[in-house]
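Asker: Got a structure for you, questions after.
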Amino acid sequence: MQIIIDPYSWLLGLAGGLLIGLSAALLLIGSGRIAGISGIAGNLLFERGPDRGWRALFVLGLILAPLIVGWLRPELRAAAPTVNAGMIVVAGLLVGFGTRLGSGCTSGHGICGISRLSPRSLLATATFMAAGFVTVYLIRHLPGLA
Amino acid sequence: MKNLIGLLAGLLFGAGLTIGGMVQPQKVLGFLDLAGVWDPSLAFVMGGGLLVAFPAFALARRRDRPLFDLAFQIPTRNDIDKRLIVGAVLFGVGWGIAGYCPGPAIAALSALHPATLLFCVAMVAGMWLQRRLMR
């Protein structure tokens, strides 16, 4: 194992993380809601009710912000996955199905759930991280698959 | 007020994902590639997020209600069930294949890459399928 030593990238990561934490704090203290993206997106699409308004605006902000950041700093612009279309469809289906089945993703379990020391979220986060590590290992390092 | 908070929170979240490099799948896969050349940057994203969110949840526990609503809507379940584990495994595999989790995939839509749109359509189809099969 080699490690990329790039303190500037770590600083950007920390700054980005602080903003994500601030977003979760604002939504929690202001509106009493969890900043879990799979839940916000899934409920926006499939549930009726009074929470549709803020969820739609949250998603709008989520889409608009990268444009502003990317306009100021082109090197930070969003990129597309590089795997082929078939793999993208499989990955998308798994991410959509899995996050709803498991009640959360990197934000709802990973940030908010760990912050409230939820045993379900701690276990879910450990599990999807491990599954991600194993998947990348199999794709990149298993002879014959790469 | 809840709508304004929603918009602001979405903007902050999207800016954080972008600045932290989460909207670049190659960088995410570089973090998940422990056996290769490992890029630890995303651990800093998670650390930064927890640094703010942790005290916020501690504060919420000491309040009766949020500022602009009647009650907190925070999950209360503590049981570990099969759905939680199977769901997390499926999600992790998809994340490891493409390098997108839900937030970055939606945030990256603004760049109008066809592959990003395809991922999001498949992700929504997966969410829909889960609803259809599990209820």
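Letters A, B, ... mark the chains of the structure tokens in the order given; residue numbers begin at 1 per chain; ligand numbers begin at 1, in order shown.
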For the helix (DSSP H, G or I) assignment from backbone DSSP, which residues of region 36-84 of chain A qualify? Please present them as a ChimeraX atom specification.

Answerer: /A:37-46,52-72,74-76

Asker: Per residue of region 68-126 of chain A within 12 Å of region 69-83 of chain B, what are the shortest atom pair and its distance in Å to one decimal, counting only C-alpha atoms, with rows by chain and residue number, as a tab-separated table?

Answerer:
residue	atom	partner	partner_atom	distance
A:Phe97	CA	B:Arg83	CA	10.9
A:Gly98	CA	B:Arg83	CA	8.9
A:Thr99	CA	B:Arg83	CA	10.1
A:Arg100	CA	B:Arg83	CA	9.4
A:Leu101	CA	B:Arg83	CA	5.8
A:Gly102	CA	B:Arg83	CA	5.6
A:Ser103	CA	B:Arg83	CA	8.5
A:Gly104	CA	B:Pro75	CA	11.0
A:Gly108	CA	B:Pro75	CA	10.2
A:His109	CA	B:Pro75	CA	10.6
A:Cys112	CA	B:Ile74	CA	9.7
A:Gly113	CA	B:Pro75	CA	8.8
A:Ser115	CA	B:Ile74	CA	11.9
A:Arg116	CA	B:Ile74	CA	9.6
A:Leu117	CA	B:Asn78	CA	10.4
A:Ser118	CA	B:Asn78	CA	7.0
A:Pro119	CA	B:Asn78	CA	6.4
A:Arg120	CA	B:Ile80	CA	6.0
A:Ser121	CA	B:Asn78	CA	9.2
A:Leu122	CA	B:Ile80	CA	10.7
A:Leu123	CA	B:Ile80	CA	8.4
A:Ala124	CA	B:Ile80	CA	9.3

Asker: For Asp51 (chain A), list every protein, DNA or RNA residue within 12 Å, evaluated using only C-alpha atoms, and leave out those in the same chain fewer than 3 positions away; present the list as a list of chain:residue names.

Answerer: A:Ser31, A:Gly32, A:Arg33, A:Gly39, A:Ile40, A:Ala41, A:Asn43, A:Leu44, A:Leu45, A:Phe46, A:Glu47, A:Arg48, A:Trp54, A:Arg55, A:Ala56, A:Leu57, A:Phe58, B:Lys2, B:Asn3, B:Gly6, B:Asp69, B:Gln73

Asker: What is the CA of Val86 (chain B)-CA of Ile106 (chain B) distance in Å, reported with one decimal?

Answerer: 23.2 Å

Asker: Return the single residue from A:Ala91, A:Ile139, A:Leu11, A:Ala35 that is closest to chain B, with distances computed using only C-alpha atoms.

Answerer: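 When distances to chain B are compared using only C-alpha atoms, the smallest one comes from A:Ala91.
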
Asker: Give the answer as one residue: which of A:Ile34, A:Ile5, A:Leu19, A:Ala79 has the shortest atom-to-atom distance to Leu67 (chain A), using only C-alpha atoms?

Answerer: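 Going through A:Ile34, A:Ile5, A:Leu19, A:Ala79 one by one, the smallest distance to Leu67 (chain A) is for A:Ala79.
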